[in-house]
>>> print(open('data.cif').read())   # mmCIF, C-alpha atoms and all ligand atoms
data_upload
#
loop_
_atom_site.label_atom_id
_atom_site.label_comp_id
_atom_site.auth_asym_id
_atom_site.auth_seq_id
_atom_site.Cartn_x
_atom_site.Cartn_y
_atom_site.Cartn_z
CA MET A 298 25.13 9.84 -52.13
CA LYS A 299 24.37 12.52 -49.60
CA THR A 300 20.67 12.21 -50.38
CA TRP A 301 20.79 8.46 -50.09
CA LEU A 302 22.50 8.69 -46.70
CA ALA A 303 20.02 11.27 -45.48
CA THR A 304 17.14 9.08 -46.65
CA ALA A 305 18.65 6.05 -44.97
CA ALA A 306 19.16 8.00 -41.76
CA LEU A 307 15.59 9.25 -41.90
CA ALA A 308 14.31 5.73 -42.49
CA LEU A 309 16.33 4.53 -39.52
CA ALA A 310 15.00 7.32 -37.34
CA MET A 311 11.45 6.50 -38.42
CA THR A 312 11.78 2.86 -37.56
CA ALA A 313 13.69 3.61 -34.37
CA THR A 314 11.03 5.88 -32.91
CA PRO A 315 8.10 3.47 -32.83
CA ALA A 316 10.40 0.68 -31.67
CA ALA A 317 11.56 2.83 -28.74
CA ALA A 318 7.97 3.73 -27.92
CA GLN A 319 7.06 0.05 -27.77
CA ASP A 320 10.07 -0.71 -25.67
CA LYS A 321 8.26 -0.13 -22.41
CA VAL A 322 9.85 -1.45 -19.27
CA ARG A 323 7.73 -4.31 -18.00
CA VAL A 324 7.28 -3.84 -14.29
CA VAL A 325 5.47 -6.18 -11.95
CA ALA A 326 4.47 -4.79 -8.56
CA THR A 327 3.35 -7.18 -5.84
CA PHE A 328 0.20 -5.19 -5.00
CA SER A 329 -1.95 -2.28 -6.12
CA ILE A 330 -0.43 0.52 -4.03
CA ILE A 331 3.13 -0.04 -5.26
CA ALA A 332 1.74 -0.40 -8.80
CA ASP A 333 0.18 3.06 -8.50
CA PHE A 334 3.48 4.58 -7.33
CA ALA A 335 5.25 2.86 -10.24
CA ARG A 336 2.74 4.19 -12.80
CA ASN A 337 3.28 7.71 -11.49
CA VAL A 338 7.07 7.44 -11.62
CA GLY A 339 7.27 5.45 -14.85
CA GLY A 340 4.60 7.26 -16.86
CA ASP A 341 4.54 6.25 -20.53
CA ALA A 342 7.90 4.52 -20.29
CA VAL A 343 6.60 1.59 -18.29
CA GLU A 344 3.95 -1.09 -18.43
CA VAL A 345 2.99 -1.92 -14.86
CA SER A 346 0.94 -4.85 -13.67
CA GLU A 347 0.27 -6.04 -10.15
CA LEU A 348 0.06 -9.50 -8.67
CA VAL A 349 -2.48 -8.76 -5.92
CA GLY A 350 -5.18 -6.58 -7.43
CA PRO A 351 -7.68 -4.03 -6.06
CA ASP A 352 -9.65 -4.95 -2.92
CA SER A 353 -7.54 -8.09 -2.46
CA ASP A 354 -5.55 -9.25 0.53
CA ALA A 355 -1.81 -9.62 -0.12
CA HIS A 356 -1.21 -11.35 3.24
CA VAL A 357 -2.96 -14.53 2.15
CA TYR A 358 -2.45 -14.45 -1.60
CA ALA A 359 -2.08 -17.69 -3.59
CA PRO A 360 -0.30 -17.07 -6.91
CA SER A 361 -1.21 -19.00 -10.06
CA PRO A 362 1.06 -20.18 -12.94
CA ALA A 363 -0.04 -17.12 -14.97
CA GLU A 364 1.62 -14.93 -12.33
CA ALA A 365 4.86 -16.91 -12.58
CA LYS A 366 4.81 -16.25 -16.33
CA ARG A 367 4.33 -12.52 -15.73
CA LEU A 368 7.30 -12.46 -13.38
CA ALA A 369 9.39 -14.31 -15.95
CA ASP A 370 8.56 -11.64 -18.57
CA ALA A 371 9.26 -8.67 -16.28
CA ARG A 372 12.37 -6.53 -16.32
CA LEU A 373 11.76 -5.16 -12.83
CA VAL A 374 9.83 -6.54 -9.86
CA LEU A 375 8.82 -4.12 -7.09
CA VAL A 376 8.14 -5.60 -3.68
CA ASN A 377 7.11 -4.16 -0.32
CA GLY A 378 9.22 -6.39 1.93
CA LEU A 379 8.96 -6.21 5.75
CA GLY A 380 7.35 -9.65 5.68
CA PHE A 381 4.31 -8.55 3.64
CA GLU A 382 4.70 -10.97 0.74
CA GLY A 383 5.37 -14.31 2.43
CA TRP A 384 4.47 -16.12 -0.80
CA LEU A 385 6.91 -14.23 -3.02
CA GLU A 386 10.09 -16.23 -2.63
CA ARG A 387 8.49 -19.45 -3.85
CA LEU A 388 6.86 -17.65 -6.76
CA VAL A 389 10.16 -16.06 -7.82
CA LYS A 390 11.90 -19.45 -7.73
CA ALA A 391 9.10 -21.14 -9.66
CA SER A 392 9.11 -18.41 -12.32
CA GLY A 393 12.85 -18.55 -12.97
CA THR A 394 12.70 -14.79 -13.57
CA LYS A 395 15.87 -12.85 -14.27
CA ALA A 396 14.16 -9.54 -13.43
CA ALA A 397 15.80 -7.07 -11.08
CA MET A 398 14.09 -7.05 -7.69
CA ALA A 399 13.71 -3.84 -5.70
CA VAL A 400 12.47 -3.63 -2.12
CA THR A 401 10.52 -0.39 -2.12
CA THR A 402 10.56 0.08 1.68
CA ARG A 403 14.36 0.20 1.74
CA GLY A 404 15.44 3.03 4.07
CA ILE A 405 12.12 3.14 5.96
CA THR A 406 12.39 2.65 9.71
CA PRO A 407 10.18 -0.37 10.35
CA ARG A 408 7.62 -0.24 13.10
CA ARG A 409 8.31 -3.19 15.36
CA MET A 410 5.32 -5.06 16.69
CA GLN A 411 4.94 -5.55 20.40
CA ASP A 412 4.24 -9.04 21.62
CA ASP A 413 0.48 -9.15 22.13
CA GLY A 414 0.74 -11.61 25.01
CA HIS A 415 -0.08 -14.64 22.87
CA GLY A 416 3.03 -14.56 20.74
CA HIS A 417 1.07 -13.64 17.59
CA SER A 418 3.18 -10.78 16.43
CA HIS A 419 6.31 -11.18 18.49
CA GLY A 420 9.36 -9.83 16.73
CA ARG A 421 7.53 -8.97 13.50
CA SER A 422 7.91 -5.82 11.49
CA ASP A 423 4.79 -3.97 10.49
CA PRO A 424 4.69 -4.06 6.67
CA HIS A 425 2.02 -1.33 6.18
CA ALA A 426 4.58 1.47 5.78
CA TRP A 427 2.65 3.17 2.93
CA GLN A 428 0.09 4.46 5.43
CA SER A 429 2.38 7.41 6.21
CA VAL A 430 2.91 9.90 3.38
CA ALA A 431 6.49 10.51 4.54
CA ASN A 432 7.13 6.82 3.84
CA ALA A 433 5.35 7.06 0.48
CA ARG A 434 8.07 9.53 -0.56
CA ILE A 435 10.68 6.87 0.24
CA TYR A 436 8.80 4.25 -1.81
CA VAL A 437 8.78 6.69 -4.72
CA ALA A 438 12.51 7.43 -4.41
CA ASN A 439 13.29 3.69 -4.37
CA ILE A 440 11.08 3.10 -7.43
CA ARG A 441 12.69 6.03 -9.26
CA ASP A 442 16.16 4.62 -8.58
CA ALA A 443 15.17 1.07 -9.53
CA LEU A 444 13.67 2.26 -12.83
CA ALA A 445 16.72 4.42 -13.60
CA LYS A 446 18.94 1.40 -13.00
CA ALA A 447 16.81 -0.93 -15.12
CA ASP A 448 16.42 1.64 -17.92
CA PRO A 449 19.29 4.18 -17.66
CA ASP A 450 18.40 5.95 -20.95
CA ARG A 451 15.25 7.35 -19.35
CA LYS A 452 16.74 8.27 -16.00
CA ALA A 453 15.86 11.97 -16.47
CA THR A 454 12.23 11.09 -17.24
CA TYR A 455 11.92 9.02 -14.08
CA GLU A 456 13.49 11.77 -12.01
CA ALA A 457 11.15 14.41 -13.41
CA ASN A 458 8.05 12.21 -12.95
CA ALA A 459 9.06 11.34 -9.39
CA ALA A 460 9.63 14.99 -8.50
CA ALA A 461 6.21 15.97 -9.87
CA TYR A 462 4.52 13.16 -7.94
CA VAL A 463 6.38 13.97 -4.72
CA ALA A 464 5.03 17.53 -4.99
CA GLN A 465 1.51 16.01 -4.98
CA LEU A 466 2.44 13.86 -1.99
CA ASP A 467 3.65 16.96 -0.13
CA GLU A 468 0.24 18.56 -0.66
CA LEU A 469 -1.48 15.37 0.47
CA GLU A 470 0.60 15.24 3.64
CA ALA A 471 -0.31 18.82 4.52
CA GLU A 472 -3.98 17.97 3.94
CA VAL A 473 -3.81 14.89 6.20
CA LYS A 474 -2.16 16.84 9.02
CA ALA A 475 -4.57 19.76 8.73
CA THR A 476 -7.63 17.48 8.72
CA VAL A 477 -6.51 15.38 11.69
CA ALA A 478 -5.83 18.60 13.59
CA THR A 479 -9.56 19.47 13.33
CA ILE A 480 -10.51 16.29 15.26
CA PRO A 481 -10.29 16.69 19.06
CA ALA A 482 -7.41 14.55 20.37
CA GLU A 483 -9.64 12.59 22.77
CA ARG A 484 -11.87 11.45 19.89
CA ARG A 485 -9.04 10.17 17.69
CA LYS A 486 -9.60 6.50 18.60
CA ILE A 487 -10.55 3.86 16.10
CA ILE A 488 -10.87 0.12 15.80
CA THR A 489 -10.07 -1.72 12.59
CA THR A 490 -9.96 -5.44 11.88
CA HIS A 491 -6.22 -5.90 11.46
CA ASP A 492 -3.34 -3.73 12.59
CA SER A 493 -2.67 -1.92 9.32
CA PHE A 494 -2.70 1.73 10.40
CA GLY A 495 0.28 1.80 12.77
CA TYR A 496 2.35 4.12 10.58
CA PHE A 497 -0.63 6.41 10.08
CA ALA A 498 -1.19 6.44 13.84
CA ALA A 499 2.43 7.26 14.61
CA ALA A 500 2.68 9.97 11.94
CA TYR A 501 -0.62 11.78 12.54
CA GLY A 502 -1.63 11.11 16.13
CA VAL A 503 -4.69 8.91 15.62
CA TRP A 504 -4.99 5.91 17.91
CA PHE A 505 -5.93 2.56 16.35
CA ILE A 506 -6.57 -0.77 17.97
CA ALA A 507 -7.05 -4.01 16.08
CA PRO A 508 -8.08 -7.52 17.19
CA GLN A 509 -6.07 -9.19 14.46
CA GLY A 510 -2.29 -8.39 14.44
CA VAL A 511 -0.31 -7.02 11.50
CA SER A 512 -1.30 -9.90 9.28
CA THR A 513 -4.78 -11.14 8.39
CA GLU A 514 -3.52 -14.73 8.68
CA ALA A 515 -4.06 -14.96 12.45
CA GLU A 516 -7.46 -15.94 13.80
CA VAL A 517 -9.01 -13.83 16.54
CA SER A 518 -9.63 -15.87 19.68
CA ALA A 519 -12.69 -15.46 21.91
CA ARG A 520 -10.35 -14.16 24.59
CA ASP A 521 -8.92 -11.46 22.27
CA LEU A 522 -12.41 -10.43 21.25
CA ALA A 523 -13.59 -10.13 24.85
CA LYS A 524 -10.54 -7.98 25.61
CA ILE A 525 -11.26 -5.67 22.67
CA ILE A 526 -14.91 -5.32 23.66
CA ARG A 527 -13.87 -4.30 27.17
CA GLN A 528 -11.36 -1.83 25.75
CA VAL A 529 -13.93 -0.18 23.47
CA LYS A 530 -16.29 0.29 26.41
CA THR A 531 -13.79 1.55 28.98
CA GLN A 532 -11.97 3.86 26.59
CA LYS A 533 -15.17 5.11 24.95
CA ILE A 534 -13.92 4.45 21.44
CA PRO A 535 -16.41 6.20 19.16
CA ALA A 536 -16.13 4.22 15.94
CA VAL A 537 -15.41 0.83 14.47
CA PHE A 538 -14.16 0.58 10.89
CA MET A 539 -14.25 -2.17 8.33
CA GLU A 540 -11.47 -2.64 5.80
CA ASN A 541 -11.64 -3.39 2.12
CA VAL A 542 -9.51 -6.54 2.51
CA THR A 543 -11.08 -8.18 5.58
CA ASP A 544 -14.31 -9.85 6.63
CA PRO A 545 -16.73 -7.25 8.09
CA ARG A 546 -18.48 -9.65 10.50
CA LEU A 547 -16.00 -9.23 13.35
CA MET A 548 -16.35 -5.44 13.34
CA LYS A 549 -20.13 -5.64 13.14
CA ARG A 550 -20.16 -7.87 16.19
CA ILE A 551 -17.89 -5.50 18.17
CA ALA A 552 -20.15 -2.59 17.22
CA GLU A 553 -23.26 -4.49 18.34
CA GLU A 554 -21.75 -5.46 21.68
CA THR A 555 -20.30 -2.07 22.54
CA GLY A 556 -22.64 0.44 20.97
CA ALA A 557 -19.76 1.97 19.00
CA LYS A 558 -20.87 3.12 15.60
CA ILE A 559 -19.73 1.59 12.34
CA GLY A 560 -17.72 4.35 10.72
CA GLY A 561 -17.56 2.85 7.25
CA ARG A 562 -14.81 1.14 5.36
CA LEU A 563 -11.16 2.06 5.25
CA TYR A 564 -8.77 1.14 2.47
CA SER A 565 -5.85 -0.45 4.24
CA ASP A 566 -3.83 -2.88 2.10
CA ALA A 567 -5.22 -2.39 -1.40
CA LEU A 568 -6.73 0.28 -3.61
CA SER A 569 -10.28 0.12 -4.94
CA ALA A 570 -10.93 -0.89 -8.53
CA ALA A 571 -10.85 1.90 -11.13
CA GLY A 572 -13.94 4.05 -10.73
CA GLY A 573 -14.11 3.26 -6.99
CA PRO A 574 -13.43 5.83 -4.26
CA ALA A 575 -9.77 4.89 -3.74
CA ALA A 576 -8.40 4.02 -7.15
CA SER A 577 -5.06 5.73 -6.49
CA TYR A 578 -2.86 6.13 -3.42
CA ILE A 579 -3.73 9.82 -3.11
CA GLU A 580 -7.45 9.11 -3.43
CA MET A 581 -7.15 6.30 -0.89
CA MET A 582 -5.56 8.57 1.71
CA GLN A 583 -8.13 11.31 1.06
CA TYR A 584 -11.02 8.86 1.25
CA ASN A 585 -9.80 7.31 4.52
CA LEU A 586 -9.34 10.76 5.97
CA LYS A 587 -12.89 11.76 5.05
CA GLU A 588 -14.28 8.57 6.57
CA LEU A 589 -12.29 8.99 9.79
CA ARG A 590 -13.25 12.62 10.20
CA GLY A 591 -16.90 11.89 9.42
CA ALA A 592 -17.14 9.15 12.05
CA LEU A 593 -15.09 10.85 14.75
CA MET A 594 -16.64 14.32 14.51
CA SER A 595 -20.29 13.32 14.62
ZN ZN B 601 -2.38 -5.82 6.21
#
>>> encode(input="data.cif", output="structure tokens")
Amino acid sequence: MKTWLATAALALAMTATPAAAQDKVRVVATFSIIADFARNVGGDAVEVSELVGPDSDAHVYAPSPAEAKRLADARLVLVNGLGFEGWLERLVKASGTKAAMAVTTRGITPRRMQDDGHGHSHGRSDPHAWQSVANARIYVANIRDALAKADPDRKATYEANAAAYVAQLDELEAEVKATVATIPAERRKIITTHDSFGYFAAAYGVWFIAPQGVSTEAEVSARDLAKIIRQVKTQKIPAVFMENVTDPRLMKRIAEETGAKIGGRLYSDALSAAGGPAASYIEMMQYNLKELRGALMS
């Protein structure tokens, strides 16, 4: 009898283990940067996919029925909020998903956009909060808590993974600050296509201007462009940067008309594909930093 029970218990344990291993929490993140945070916090316990993939623009995303299906199958959906995913509400309704939704910027102080004089960005929040490492820590804490709530049995795992990742973020933050400090303050001026580096600017003391507001949806008028060109000339802005999610033509034109150099490409709203130079959040920040320093120091 004892033997039989022991054997039965062993058999149960053997079937239970692979089942638990397969029981990954299905997480859908709205875009690649949140997906990377979620993979770091979730580790082997989660299966993360993203709606807006590498090198793609989440501002103007058009979801397909396959994405609605993925939302329907998810246990947890991680969103940025702050007006970044204007298409999400309709997609969630269409999918009929019962997944828990977590806003990963919860607790972050949003950067409010100033009216640009044409009403483009009046009253909007800047959604690009991930561009400051201090904010990245808040994203990670929110993701940790959302995973622990969705999957309480593995709370300790999520806490340990998050703590290990935050230690890497702390190192990254020190590196960003130390590198920016090597660039003379008067040279820390950059132009990018859309206004996606406001949190970076505020946190690290680099000054960015952008013809296109906080979203890529708005068109740049001839008047805006003329104003930017004047600004680049009078303020002697050394470099113009392209972004991985926007059309490079506008920046090329500004560079031609002002003599500012093209400093390369910054990763603003999306990671690169695997194997690219910015396949993770940490690599993205390090790559951008290298590009900025290279263009502003030479
Ligand atoms: Zn953006």
>>> residues_near_ligand(input="data.cif", ligand="ligand ZN 601 (chain B)", cutoff="6 Å", atoms="only C-alpha atoms and all ligand atoms", output="number ranges by chain")
A: 493, 511-512, 566
>>> write_last_selection(input="data.cif", atoms="C-alpha atoms", output="PDB file, keeping the file's coordinate frame")
ATOM      1  CA  SER A 493      -2.670  -1.920   9.320  1.00  0.00           C
ATOM      2  CA  VAL A 511      -0.310  -7.020  11.500  1.00  0.00           C
ATOM      3  CA  SER A 512      -1.300  -9.900   9.280  1.00  0.00           C
ATOM      4  CA  ASP A 566      -3.830  -2.880   2.100  1.00  0.00           C
TER       5      ASP A 566
END
>>> atom_distance(input="data.cif", atom1="CA of Ala552 (chain A)", atom2="CA of Val537 (chain A)")
6.5 Å
>>> closest_residue(input="data.cif", among="A:Thr513, A:Ser595, A:Thr327, A:Asn439", to="Ala536 (chain A)", atoms="all atoms listed in the file")
A:Ser595
>>> closest_residue(input="data.cif", among="A:Ser329, A:Asn377, A:Gln532, A:Thr476", to="Val345 (chain A)", atoms="only C-alpha atoms")
A:Ser329
>>> closest_residue(input="data.cif", among="A:Ala461, A:Ala369, A:Ala519, A:Val542", to="His491 (chain A)", atoms="only C-alpha atoms")
A:Val542
>>> residues_around(input="data.cif", residues="Ala567 (chain A)", least_positions_apart="6", cutoff="7 Å", atoms="all atoms listed in the file", output="JSON, numbers by chain")
{"A": [329, 330, 351, 352, 353]}
>>> closest_residue(input="data.cif", among="A:Ala431, A:Val389, A:Leu444, A:Ala426", to="Glu468 (chain A)", atoms="all atoms listed in the file")
A:Ala431
>>> residues_around(input="data.cif", residues="region 393-406 of chain A", least_positions_apart="3", cutoff="6 Å", atoms="all atoms listed in the file", output="list in words")
Leu368, Ala369, Ala371, Arg372, Leu373, Val374, Leu375, Val376, Asn377, Gly378, Lys390, Tyr436 and Asn439 of chain A
>>> residues_around(input="data.cif", residues="Ala500 (chain A)", least_positions_apart="2", cutoff="10 Å", atoms="all atoms listed in the file", output="short mmCIF file (atom, residue, chain, number, x, y, z; two decimals) with C-alpha atoms, in the frame of the given file")
data_model
loop_
_atom_site.label_atom_id
_atom_site.label_comp_id
_atom_site.auth_asym_id
_atom_site.auth_seq_id
_atom_site.Cartn_x
_atom_site.Cartn_y
_atom_site.Cartn_z
CA GLN A 428 0.09 4.46 5.43
CA SER A 429 2.38 7.41 6.21
CA VAL A 430 2.91 9.90 3.38
CA ALA A 431 6.49 10.51 4.54
CA ASN A 432 7.13 6.82 3.84
CA VAL A 473 -3.81 14.89 6.20
CA LYS A 474 -2.16 16.84 9.02
CA PHE A 494 -2.70 1.73 10.40
CA GLY A 495 0.28 1.80 12.77
CA TYR A 496 2.35 4.12 10.58
CA PHE A 497 -0.63 6.41 10.08
CA ALA A 498 -1.19 6.44 13.84
CA GLY A 502 -1.63 11.11 16.13
CA VAL A 503 -4.69 8.91 15.62
#
>>> closest_residue(input="data.cif", among="A:Tyr455, A:Ile440, A:Gly561, A:Ser392", to="Leu589 (chain A)", atoms="all atoms listed in the file")
A:Gly561
>>> closest_residue(input="data.cif", among="A:Phe538, A:Tyr584, A:Tyr358, A:Tyr578", to="Arg562 (chain A)", atoms="all atoms listed in the file")
A:Phe538
>>> residues_around(input="data.cif", residues="Arg590 (chain A)", least_positions_apart="4", cutoff="7 Å", atoms="all atoms listed in the file", output="ChimeraX atom specification")
/A:480,586,594
>>> residues_around(input="data.cif", residues="Arg441 (chain A)", least_positions_apart="5", cutoff="8 Å", atoms="all atoms listed in the file", output="list in words")
Val338, Gly339, Tyr455, Glu456 and Ala459 of chain A
>>> atom_distance(input="data.cif", atom1="CA of Arg409 (chain A)", atom2="CA of Thr490 (chain A)")
18.7 Å
>>> atom_distance(input="data.cif", atom1="CA of Pro574 (chain A)", atom2="CA of Glu540 (chain A)")
13.3 Å
>>> build_atoms(input="data.cif", residues="region 338-361 of chain A", atoms="N, CA and C atoms", output="PDB file, keeping the file's coordinate frame")
ATOM      1  N   VAL A 338       5.640   7.180 -11.383  1.00  0.00           N
ATOM      2  CA  VAL A 338       7.070   7.440 -11.620  1.00  0.00           C
ATOM      3  C   VAL A 338       7.462   7.045 -13.046  1.00  0.00           C
ATOM      4  N   GLY A 339       6.868   5.967 -13.539  1.00  0.00           N
ATOM      5  CA  GLY A 339       7.270   5.450 -14.850  1.00  0.00           C
ATOM      6  C   GLY A 339       6.573   6.127 -16.010  1.00  0.00           C
ATOM      7  N   GLY A 340       5.364   6.605 -15.792  1.00  0.00           N
ATOM      8  CA  GLY A 340       4.600   7.260 -16.860  1.00  0.00           C
ATOM      9  C   GLY A 340       4.485   6.370 -18.089  1.00  0.00           C
ATOM     10  N   ASP A 341       4.680   6.971 -19.259  1.00  0.00           N
ATOM     11  CA  ASP A 341       4.540   6.250 -20.530  1.00  0.00           C
ATOM     12  C   ASP A 341       5.666   5.266 -20.788  1.00  0.00           C
ATOM     13  N   ALA A 342       6.728   5.365 -20.014  1.00  0.00           N
ATOM     14  CA  ALA A 342       7.900   4.520 -20.290  1.00  0.00           C
ATOM     15  C   ALA A 342       7.748   3.104 -19.748  1.00  0.00           C
ATOM     16  N   VAL A 343       6.716   2.899 -18.936  1.00  0.00           N
ATOM     17  CA  VAL A 343       6.600   1.590 -18.290  1.00  0.00           C
ATOM     18  C   VAL A 343       5.232   0.961 -18.539  1.00  0.00           C
ATOM     19  N   GLU A 344       5.204  -0.356 -18.394  1.00  0.00           N
ATOM     20  CA  GLU A 344       3.950  -1.090 -18.430  1.00  0.00           C
ATOM     21  C   GLU A 344       3.887  -1.840 -17.101  1.00  0.00           C
ATOM     22  N   VAL A 345       3.011  -1.383 -16.229  1.00  0.00           N
ATOM     23  CA  VAL A 345       2.990  -1.920 -14.860  1.00  0.00           C
ATOM     24  C   VAL A 345       1.812  -2.854 -14.683  1.00  0.00           C
ATOM     25  N   SER A 346       2.058  -4.003 -14.102  1.00  0.00           N
ATOM     26  CA  SER A 346       0.940  -4.850 -13.670  1.00  0.00           C
ATOM     27  C   SER A 346       1.180  -5.242 -12.225  1.00  0.00           C
ATOM     28  N   GLU A 347       0.128  -5.670 -11.560  1.00  0.00           N
ATOM     29  CA  GLU A 347       0.270  -6.040 -10.150  1.00  0.00           C
ATOM     30  C   GLU A 347      -0.148  -7.480  -9.957  1.00  0.00           C
ATOM     31  N   LEU A 348       0.432  -8.115  -8.956  1.00  0.00           N
ATOM     32  CA  LEU A 348       0.060  -9.500  -8.670  1.00  0.00           C
ATOM     33  C   LEU A 348      -1.227  -9.543  -7.856  1.00  0.00           C
ATOM     34  N   VAL A 349      -1.282  -8.794  -6.764  1.00  0.00           N
ATOM     35  CA  VAL A 349      -2.480  -8.760  -5.920  1.00  0.00           C
ATOM     36  C   VAL A 349      -3.260  -7.503  -6.298  1.00  0.00           C
ATOM     37  N   GLY A 350      -4.433  -7.694  -6.844  1.00  0.00           N
ATOM     38  CA  GLY A 350      -5.180  -6.580  -7.430  1.00  0.00           C
ATOM     39  C   GLY A 350      -5.987  -5.790  -6.415  1.00  0.00           C
ATOM     40  N   PRO A 351      -6.843  -4.874  -6.912  1.00  0.00           N
ATOM     41  CA  PRO A 351      -7.680  -4.030  -6.060  1.00  0.00           C
ATOM     42  C   PRO A 351      -8.538  -4.863  -5.108  1.00  0.00           C
ATOM     43  N   ASP A 352      -8.778  -4.323  -3.918  1.00  0.00           N
ATOM     44  CA  ASP A 352      -9.650  -4.950  -2.920  1.00  0.00           C
ATOM     45  C   ASP A 352      -9.244  -6.379  -2.566  1.00  0.00           C
ATOM     46  N   SER A 353      -7.989  -6.726  -2.763  1.00  0.00           N
ATOM     47  CA  SER A 353      -7.540  -8.090  -2.460  1.00  0.00           C
ATOM     48  C   SER A 353      -6.468  -8.064  -1.384  1.00  0.00           C
ATOM     49  N   ASP A 354      -6.403  -9.165  -0.651  1.00  0.00           N
ATOM     50  CA  ASP A 354      -5.550  -9.250   0.530  1.00  0.00           C
ATOM     51  C   ASP A 354      -4.205  -9.898   0.186  1.00  0.00           C
ATOM     52  N   ALA A 355      -3.140  -9.107   0.228  1.00  0.00           N
ATOM     53  CA  ALA A 355      -1.810  -9.620  -0.120  1.00  0.00           C
ATOM     54  C   ALA A 355      -1.237 -10.554   0.947  1.00  0.00           C
ATOM     55  N   HIS A 356      -1.753 -10.475   2.177  1.00  0.00           N
ATOM     56  CA  HIS A 356      -1.210 -11.350   3.240  1.00  0.00           C
ATOM     57  C   HIS A 356      -1.438 -12.826   2.922  1.00  0.00           C
ATOM     58  N   VAL A 357      -2.568 -13.127   2.334  1.00  0.00           N
ATOM     59  CA  VAL A 357      -2.960 -14.530   2.150  1.00  0.00           C
ATOM     60  C   VAL A 357      -3.145 -14.876   0.669  1.00  0.00           C
ATOM     61  N   TYR A 358      -2.333 -14.281  -0.155  1.00  0.00           N
ATOM     62  CA  TYR A 358      -2.450 -14.450  -1.600  1.00  0.00           C
ATOM     63  C   TYR A 358      -1.883 -15.807  -2.054  1.00  0.00           C
ATOM     64  N   ALA A 359      -2.555 -16.420  -3.025  1.00  0.00           N
ATOM     65  CA  ALA A 359      -2.080 -17.690  -3.590  1.00  0.00           C
ATOM     66  C   ALA A 359      -1.843 -17.515  -5.090  1.00  0.00           C
ATOM     67  N   PRO A 360      -0.584 -17.353  -5.497  1.00  0.00           N
ATOM     68  CA  PRO A 360      -0.300 -17.070  -6.910  1.00  0.00           C
ATOM     69  C   PRO A 360      -0.616 -18.263  -7.823  1.00  0.00           C
ATOM     70  N   SER A 361      -0.931 -17.963  -9.067  1.00  0.00           N
ATOM     71  CA  SER A 361      -1.210 -19.000 -10.060  1.00  0.00           C
ATOM     72  C   SER A 361      -0.059 -19.063 -11.073  1.00  0.00           C
TER      73      SER A 361
END
